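Undergrad: The file below is final.txt, compact mmCIF, C-alpha atoms:
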```
# COMPACT_ATOMS: atom_id res chain seq x y z
CA MET V 1 -86.76 56.26 37.71
CA GLN V 2 -83.17 57.30 38.36
CA LYS V 3 -82.04 60.65 36.94
CA ILE V 4 -79.41 59.18 34.58
CA THR V 5 -79.93 55.77 32.98
CA PRO V 6 -77.32 54.23 30.67
CA CYS V 7 -78.81 53.05 27.37
CA LEU V 8 -77.41 49.83 25.90
CA TRP V 9 -77.91 49.35 22.14
CA PHE V 10 -78.57 45.71 21.28
CA ASP V 11 -78.61 44.16 17.83
CA ASN V 12 -82.31 43.20 17.85
CA ASN V 13 -81.77 40.75 20.72
CA ILE V 14 -82.88 42.62 23.84
CA GLU V 15 -85.20 39.77 24.85
CA GLU V 16 -82.27 37.31 24.71
CA ALA V 17 -80.11 39.71 26.75
CA ILE V 18 -82.80 40.08 29.40
CA GLU V 19 -83.13 36.31 29.70
CA PHE V 20 -79.33 35.93 29.89
CA TYR V 21 -78.76 38.61 32.56
CA SER V 22 -81.78 37.55 34.63
CA GLY V 23 -80.22 34.10 34.96
CA ILE V 24 -76.92 35.54 36.24
CA PHE V 25 -77.91 38.29 38.66
CA LYS V 26 -80.10 37.47 41.67
CA ASN V 27 -81.53 40.97 41.82
CA PHE V 28 -82.74 41.47 38.27
CA LYS V 29 -86.10 42.79 37.10
CA VAL V 30 -87.69 44.36 34.08
CA VAL V 31 -89.23 47.66 35.15
CA ILE V 32 -91.06 48.44 31.91
CA SER V 33 -90.86 47.45 28.26
CA SER V 34 -92.35 48.79 25.06
CA LYS V 35 -93.23 47.56 21.59
CA LEU V 36 -94.33 49.50 18.57
CA PRO V 37 -97.97 48.74 17.74
CA ASP V 38 -97.06 46.93 14.51
CA GLN V 39 -94.11 44.99 16.00
CA THR V 40 -93.86 41.72 17.91
CA ASN V 41 -90.39 42.32 19.36
CA MET V 42 -89.55 44.69 22.18
CA LEU V 43 -88.33 48.12 21.16
CA THR V 44 -87.04 49.16 24.59
CA ALA V 45 -86.86 47.82 28.09
CA ILE V 46 -85.87 49.45 31.35
CA PHE V 47 -84.30 46.74 33.47
CA GLU V 48 -82.60 46.77 36.82
CA ILE V 49 -79.50 44.81 37.84
CA GLU V 50 -78.61 44.93 41.54
CA GLY V 51 -80.44 48.26 41.92
CA GLN V 52 -78.90 49.94 38.84
CA GLN V 53 -81.29 50.72 36.00
CA PHE V 54 -80.39 50.39 32.33
CA MET V 55 -82.37 50.99 29.18
CA GLY V 56 -82.02 48.34 26.52
CA LEU V 57 -82.77 49.38 22.96
CA ASN V 58 -83.36 46.97 20.10
CA GLY V 59 -81.49 49.28 17.76
CA GLY V 60 -80.33 46.77 15.17
CA PRO V 61 -76.89 46.22 13.67
CA GLY V 62 -74.28 48.88 13.09
CA HIS V 63 -73.49 50.02 16.63
CA PRO V 64 -71.69 47.23 18.49
CA PHE V 65 -70.42 47.66 22.03
CA THR V 66 -66.78 48.71 22.45
CA ASP V 67 -64.29 48.66 25.31
CA ALA V 68 -64.89 52.38 25.74
CA ILE V 69 -67.56 51.49 28.30
CA SER V 70 -67.70 48.62 30.74
CA LEU V 71 -69.86 47.59 33.66
CA THR V 72 -68.06 46.82 36.92
CA VAL V 73 -69.34 44.10 39.23
CA ASN V 74 -67.88 44.55 42.71
CA CYS V 75 -67.36 41.18 44.41
CA ASP V 76 -66.61 40.41 48.06
CA THR V 77 -65.57 36.78 47.60
CA GLN V 78 -63.76 34.59 45.09
CA GLN V 79 -66.95 32.56 44.80
CA GLU V 80 -68.76 35.68 43.53
CA ILE V 81 -65.94 36.45 41.09
CA ASP V 82 -66.04 32.89 39.77
CA HIS V 83 -69.85 32.95 39.40
CA TYR V 84 -69.99 36.20 37.44
CA TRP V 85 -66.90 35.36 35.40
CA ASP V 86 -68.10 31.91 34.40
CA SER V 87 -71.67 33.06 33.74
CA LEU V 88 -70.82 36.14 31.70
CA THR V 89 -68.22 34.37 29.55
CA ALA V 90 -70.56 31.43 28.87
CA ASN V 91 -72.11 30.78 25.46
CA GLY V 92 -69.81 32.96 23.39
CA GLY V 93 -68.34 35.42 25.87
CA SER V 94 -64.58 35.93 26.05
CA GLU V 95 -61.92 36.57 28.65
CA VAL V 96 -59.87 39.71 28.18
CA GLN V 97 -57.32 40.81 30.81
CA CYS V 98 -57.06 42.54 34.19
CA GLY V 99 -60.43 41.21 35.34
CA TRP V 100 -62.20 42.29 32.13
CA LEU V 101 -64.37 40.12 29.93
CA LYS V 102 -66.88 40.47 27.13
CA ASP V 103 -70.22 38.72 27.31
CA LYS V 104 -71.84 37.06 24.30
CA PHE V 105 -73.39 40.39 23.26
CA GLY V 106 -69.98 42.10 23.20
CA LEU V 107 -70.63 44.15 26.35
CA SER V 108 -67.48 44.64 28.46
CA TRP V 109 -67.56 43.82 32.17
CA GLN V 110 -65.00 44.21 34.95
CA ILE V 111 -65.35 41.52 37.61
CA THR V 112 -63.52 43.14 40.48
CA PRO V 113 -62.86 42.19 44.10
CA THR V 114 -63.86 45.15 46.27
CA ILE V 115 -60.65 44.73 48.27
CA VAL V 116 -58.51 45.67 45.25
CA PHE V 117 -59.62 49.32 45.46
CA GLN V 118 -58.40 49.57 49.06
CA MET V 119 -55.13 47.87 48.16
CA LEU V 120 -54.44 50.19 45.24
CA ALA V 121 -55.23 53.24 47.39
CA ASP V 122 -52.76 52.21 50.11
CA PRO V 123 -50.31 55.02 50.92
CA ASP V 124 -47.51 52.42 50.78
CA ALA V 125 -46.67 52.71 47.08
CA GLU V 126 -44.76 49.40 47.04
CA LYS V 127 -47.83 47.48 48.21
CA ALA V 128 -50.03 49.19 45.64
CA LEU V 129 -47.52 48.55 42.83
CA ARG V 130 -47.24 44.85 43.70
CA VAL V 131 -51.03 44.54 43.57
CA MET V 132 -51.20 46.43 40.26
CA ASP V 133 -48.57 44.11 38.83
CA VAL V 134 -50.77 41.10 39.67
CA VAL V 135 -53.83 42.82 38.19
CA MET V 136 -52.02 43.62 34.94
CA LYS V 137 -50.74 40.04 34.54
CA SER V 138 -54.07 38.39 35.36
CA ILE V 139 -57.03 37.41 33.26
CA LYS V 140 -59.61 36.61 35.99
CA LEU V 141 -58.62 38.26 39.28
CA ASN V 142 -57.85 36.03 42.24
CA ILE V 143 -58.28 37.44 45.74
CA THR V 144 -55.67 35.08 47.27
CA GLU V 145 -53.03 36.19 44.75
CA LEU V 146 -53.88 39.86 45.27
CA LYS V 147 -53.61 39.52 49.07
CA ALA V 148 -50.27 37.69 48.76
CA ALA V 149 -48.88 40.49 46.58
CA TYR V 150 -50.23 43.13 48.96
CA GLU V 151 -48.67 41.50 52.00
CA GLY V 152 -45.38 41.06 50.15
```
Mind turning this structure into structure tokens?

TA:
Amino acid sequence: MQKITPCLWFDNNIEEAIEFYSGIFKNFKVVISSKLPDQTNMLTAIFEIEGQQFMGLNGGPGHPFTDAISLTVNCDTQQEIDHYWDSLTANGGSEVQCGWLKDKFGLSWQITPTIVFQMLADPDAEKALRVMDVVMKSIKLNITELKAAYEG
């Protein structure tokens, strides 16, 4: 088990979340789950997405996800961006801005091309500012548009 594991509080729908995420991410597995002896639903589950472990807690209502935390999916291709974007916004998810979205559970995700980090770190401030301008005006990020802005 990793030293620090983020815990995600679900509204009594951890099983639904596990089914949803396992259909989106190729490298998904449940490591361990628990139920109270007198319960039929899962109480907790440690699951792994692309090597990162999370604990899911069936905590009940009252503590919805907020934008204060998001999960970033680093993508090498537009095909990857499109897959994660379309899958995570399906069935009640919503598009936000700047490559952010909320899935149907209200969890915020950033679907980000890995190349954008290099572009924004470029010592040429004009290049970085042009890229940031595209990011800020976008909903889903587009690698072709980001490259065009970068190259000027």

Undergrad: Please determine, counting all atoms listed in the file, which residue among V:Ser87, V:Asn27, V:Asn13, V:Thr5 has the shortest atom-to-atom distance to V:Gly51.

TA: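 Smallest distance to V:Gly51 is found for V:Asn27.
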
Undergrad: Which residues are close to V:Cys7, i.e. within 7 Å by all atoms listed in the file, leaving aside same-chain residues fewer than 3 positions away? Reply as a ChimeraX atom specification.

TA: /V:54-57

Undergrad: Any chance you could export the current selection's C-alpha atoms as a PDB file, in the coordinates of the input?

TA:
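New file out.pdb:
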```pdb
ATOM      1  CA  PHE V  54     -80.390  50.390  32.330  1.00  0.00           C
ATOM      2  CA  MET V  55     -82.370  50.990  29.180  1.00  0.00           C
ATOM      3  CA  GLY V  56     -82.020  48.340  26.520  1.00  0.00           C
ATOM      4  CA  LEU V  57     -82.770  49.380  22.960  1.00  0.00           C
TER       5      LEU V  57
END
```

Undergrad: Could you state the separation of atom CA of V:Trp85 and atom CA of V:Cys98 in Å, given to one decimal place?

TA: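 Between these atoms lies a distance of 12.2 Å.
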
Undergrad: May I have the protein, DNA and RNA residues with any atom at most 12 Å from the point (-48.6, 41.5, 37.6), counting all atoms listed in the file, written as a list of chain:residue names?

TA: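 Looking at atoms near the point gives V:Gln97, V:Cys98, V:Ala128, V:Leu129, V:Arg130, V:Val131, V:Met132, V:Asp133, V:Val134, V:Val135, V:Met136, V:Lys137, V:Ser138, V:Ile139, V:Leu141, V:Asn142, V:Glu145, V:Leu146, V:Ala148, V:Ala149, V:Tyr150.
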
Undergrad: Could you give me, as a compact mmCIF listing (two decimals) with C-alpha atoms, in the frame of the given file, the residues within 10 Å of stretch 102-117 of chain V, counting only C-alpha atoms and dropping anything in the same chain fewer than 6 positions from it?

TA:
```txt
# COMPACT_ATOMS: atom_id res chain seq x y z
CA LEU V 8 -77.41 49.83 25.90
CA TRP V 9 -77.91 49.35 22.14
CA PHE V 10 -78.57 45.71 21.28
CA ASP V 11 -78.61 44.16 17.83
CA ASN V 13 -81.77 40.75 20.72
CA ILE V 14 -82.88 42.62 23.84
CA GLU V 16 -82.27 37.31 24.71
CA ALA V 17 -80.11 39.71 26.75
CA PHE V 20 -79.33 35.93 29.89
CA PRO V 64 -71.69 47.23 18.49
CA PHE V 65 -70.42 47.66 22.03
CA THR V 66 -66.78 48.71 22.45
CA ASP V 67 -64.29 48.66 25.31
CA ALA V 68 -64.89 52.38 25.74
CA ILE V 69 -67.56 51.49 28.30
CA SER V 70 -67.70 48.62 30.74
CA LEU V 71 -69.86 47.59 33.66
CA THR V 72 -68.06 46.82 36.92
CA VAL V 73 -69.34 44.10 39.23
CA ASN V 74 -67.88 44.55 42.71
CA CYS V 75 -67.36 41.18 44.41
CA ASP V 76 -66.61 40.41 48.06
CA THR V 77 -65.57 36.78 47.60
CA GLN V 78 -63.76 34.59 45.09
CA GLU V 80 -68.76 35.68 43.53
CA ILE V 81 -65.94 36.45 41.09
CA ASP V 82 -66.04 32.89 39.77
CA HIS V 83 -69.85 32.95 39.40
CA TYR V 84 -69.99 36.20 37.44
CA TRP V 85 -66.90 35.36 35.40
CA SER V 87 -71.67 33.06 33.74
CA LEU V 88 -70.82 36.14 31.70
CA THR V 89 -68.22 34.37 29.55
CA ALA V 90 -70.56 31.43 28.87
CA ASN V 91 -72.11 30.78 25.46
CA GLY V 92 -69.81 32.96 23.39
CA GLY V 93 -68.34 35.42 25.87
CA SER V 94 -64.58 35.93 26.05
CA GLU V 95 -61.92 36.57 28.65
CA VAL V 96 -59.87 39.71 28.18
CA ALA V 128 -50.03 49.19 45.64
CA VAL V 131 -51.03 44.54 43.57
CA MET V 132 -51.20 46.43 40.26
CA VAL V 135 -53.83 42.82 38.19
CA LYS V 140 -59.61 36.61 35.99
CA LEU V 141 -58.62 38.26 39.28
CA ASN V 142 -57.85 36.03 42.24
CA ILE V 143 -58.28 37.44 45.74
CA LEU V 146 -53.88 39.86 45.27
CA LYS V 147 -53.61 39.52 49.07
CA TYR V 150 -50.23 43.13 48.96
```

Undergrad: So what do you get for atom CA of V:Phe47 versus atom CA of V:Val31, distance-wise?

TA: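 Result for atom CA of V:Phe47 versus atom CA of V:Val31: 5.3 Å, one decimal.
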
Undergrad: If the box runs along x, y and z of the file and leaves 4 Å on each side of stretch 53-61 of chain V, what are its centre and edge lengths in Å, one decimal, as JSON?

TA:
```
{"center_x": -80.1, "center_y": 48.6, "center_z": 24.8, "size_x": 14.5, "size_y": 12.8, "size_z": 30.3}
```

Undergrad: If you count only C-alpha atoms, which residues fall within 9 Å of V:Phe25, apart from same-chain ones fewer than 2 positions away, as a list of chain:residue names?

TA: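 Neighbouring residues, sequence-local ones excluded: V:Tyr21, V:Ser22, V:Gly23, V:Asn27, V:Phe28, V:Ile49, V:Glu50, V:Tyr84.
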
Undergrad: Rank V:Gln118, V:Gln79, V:Thr144, V:Gln53 by their smallest atom-to-atom distance to V:Ile4, using only C-alpha atoms, and report the top residue only.

TA: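 Answer, going by the shortest atom-to-atom distance: V:Gln53.
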
Undergrad: V:Asn41, V:His63, V:Leu101, V:Gly152: which is nearest V:Glu126, counting all atoms listed in the file?

TA: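 With all atoms listed in the file as the atom set, the closest residue is V:Gly152.
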
Undergrad: Suppose you want the space between atom CA of V:Pro37 and atom CA of V:Ile18; what is it in Å?

TA: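 These atoms are spaced 21.0 Å apart.
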
Undergrad: Taking all atoms listed in the file into account, name the residue in V:Glu151, V:Leu120, V:Lys29, V:Lys127 that is nearest to V:Glu48.

TA: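 Nearest candidate to V:Glu48 out of V:Glu151, V:Leu120, V:Lys29, V:Lys127: V:Lys29.
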
Undergrad: Which of these, V:Val30, V:Leu36, V:Ile24, V:Ile46, has the shortest distance to V:Pro6 once you count all atoms listed in the file?

TA: V:Ile46

Undergrad: Missing atoms in stretch 74-90 of chain V: can you complete it with N, CA and C atoms, as an mmCIF file, in the coordinates of the input?

TA:
```cif
data_model
loop_
_atom_site.group_PDB
_atom_site.id
_atom_site.type_symbol
_atom_site.label_atom_id
_atom_site.label_comp_id
_atom_site.auth_asym_id
_atom_site.auth_seq_id
_atom_site.Cartn_x
_atom_site.Cartn_y
_atom_site.Cartn_z
ATOM 1 N N ASN V 74 -68.714 44.590 41.518
ATOM 2 C CA ASN V 74 -67.880 44.550 42.710
ATOM 3 C C ASN V 74 -68.200 43.289 43.505
ATOM 4 N N CYS V 75 -67.174 42.485 43.778
ATOM 5 C CA CYS V 75 -67.360 41.180 44.410
ATOM 6 C C CYS V 75 -66.593 41.109 45.734
ATOM 7 N N ASP V 76 -67.237 40.555 46.747
ATOM 8 C CA ASP V 76 -66.610 40.410 48.060
ATOM 9 C C ASP V 76 -65.863 39.099 48.231
ATOM 10 N N THR V 77 -66.192 38.092 47.434
ATOM 11 C CA THR V 77 -65.570 36.780 47.600
ATOM 12 C C THR V 77 -65.107 36.229 46.251
ATOM 13 N N GLN V 78 -64.211 35.251 46.314
ATOM 14 C CA GLN V 78 -63.760 34.590 45.090
ATOM 15 C C GLN V 78 -64.907 33.802 44.476
ATOM 16 N N GLN V 79 -65.788 33.288 45.305
ATOM 17 C CA GLN V 79 -66.950 32.560 44.800
ATOM 18 C C GLN V 79 -67.812 33.470 43.921
ATOM 19 N N GLU V 80 -68.007 34.717 44.347
ATOM 20 C CA GLU V 80 -68.760 35.680 43.530
ATOM 21 C C GLU V 80 -68.042 35.966 42.215
ATOM 22 N N ILE V 81 -66.732 36.189 42.301
ATOM 23 C CA ILE V 81 -65.940 36.450 41.090
ATOM 24 C C ILE V 81 -66.102 35.288 40.117
ATOM 25 N N ASP V 82 -65.940 34.082 40.617
ATOM 26 C CA ASP V 82 -66.040 32.890 39.770
ATOM 27 C C ASP V 82 -67.429 32.773 39.135
ATOM 28 N N HIS V 83 -68.475 33.040 39.926
ATOM 29 C CA HIS V 83 -69.850 32.950 39.400
ATOM 30 C C HIS V 83 -70.066 33.928 38.254
ATOM 31 N N TYR V 84 -69.752 35.198 38.474
ATOM 32 C CA TYR V 84 -69.990 36.200 37.440
ATOM 33 C C TYR V 84 -69.087 35.972 36.227
ATOM 34 N N TRP V 85 -67.842 35.603 36.482
ATOM 35 C CA TRP V 85 -66.900 35.360 35.400
ATOM 36 C C TRP V 85 -67.379 34.214 34.512
ATOM 37 N N ASP V 86 -67.673 33.093 35.156
ATOM 38 C CA ASP V 86 -68.100 31.910 34.400
ATOM 39 C C ASP V 86 -69.419 32.150 33.678
ATOM 40 N N SER V 87 -70.348 32.817 34.339
ATOM 41 C CA SER V 87 -71.670 33.060 33.740
ATOM 42 C C SER V 87 -71.614 34.028 32.579
ATOM 43 N N LEU V 88 -70.867 35.117 32.742
ATOM 44 C CA LEU V 88 -70.820 36.140 31.700
ATOM 45 C C LEU V 88 -69.972 35.739 30.501
ATOM 46 N N THR V 89 -69.020 34.827 30.694
ATOM 47 C CA THR V 89 -68.220 34.370 29.550
ATOM 48 C C THR V 89 -68.855 33.154 28.864
ATOM 49 N N ALA V 90 -69.918 32.617 29.440
ATOM 50 C CA ALA V 90 -70.560 31.430 28.870
ATOM 51 C C ALA V 90 -71.217 31.727 27.527
#
```
